[in-house]
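These notes are about the structure you will find just below.
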Amino acid sequence: MKNNSDLFYTCSLIEYIGRERKLSRSELVRFMGEKTIRRIYRYADVFHCEPIAKTADDFITNLSIPKGTFDNVASCRYDVPDYWTIGEVYERLIEDISGDDEEHIIDRLVEVYTSWISDAISNYNTDFYYQSRQYIHECYKEGTVCA
């Protein structure tokens, strides 16, 4: 399973909402819950027809997603990657972990977003997020940023 556009959209929307609400992505995923994330994934092709800002605002409003203090965009000293770029990083990692097991894709998504690697990907002051997908996958398997 490569280039899963529904997964890409889901991850990009999570990134967008996380930036808007200033929540770490792990906090946001825990707050949204598996049921909501499954809904986003299942209907990504429909949600994608609207501007992402509108879709994000609908979820923020309907779920009463609180505002936090995590602002990795403001703390970035370099060019900030856009939410589509970071969505793609997560999409690729989740695809690599899942292999052909699409049935448990949301379980893998939650697993990745609530693990240590989410903080590494969200630190835009490092080069981690733009490393190769193979390297990021290997780091995830090892449980640490590889030397």
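By convention in this document, the chains of the structure tokens carry letters A, B, ... by their order, each chain's residues are numbered from 1, and ligands are numbered from 1 in the order they are shown.
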Check your understanding: as a VMD selection string, which residues of chain A does DSSP assign to alpha helix (DSSP H)?
Key -> chain A and resid 5 to 21 25 to 42 44 to 47 52 to 63 83 to 98 105 to 113 116 to 122 133 to 142
List every residue of stretch 50-105 of chain A that has an atom at most 9 Å from any atom of stretch 27-46 of chain A, giving for each one its closest atom pair and the distance in Å to one decimal, counting only C-alpha atoms, sorted by chain and then by ascending residue number, as CSV.
residue,atom,partner,partner_atom,distance
A:Glu50,CA,A:Val46,CA,7.8
A:Phe59,CA,A:Met32,CA,8.9
A:Leu63,CA,A:Met32,CA,7.4
A:Ile65,CA,A:Phe31,CA,7.5
Review point. Of the candidates A:Ile136, A:Ala74, A:Ile14, A:Ala120, which one gets nearest to A:Asp96 if we count only C-alpha atoms?
Key: A:Ile136
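In this comparison, which uses only C-alpha atoms, the residue of A:Ala53, A:Cys11, A:Val145, A:Cys76 approaching A:Ile94 most closely is A:Cys11.
Here the question is which of A:Asp100, A:Glu91, A:Asp6, A:Asp119 gets nearest to A:Leu23 using only C-alpha atoms, and that residue is A:Asp119.
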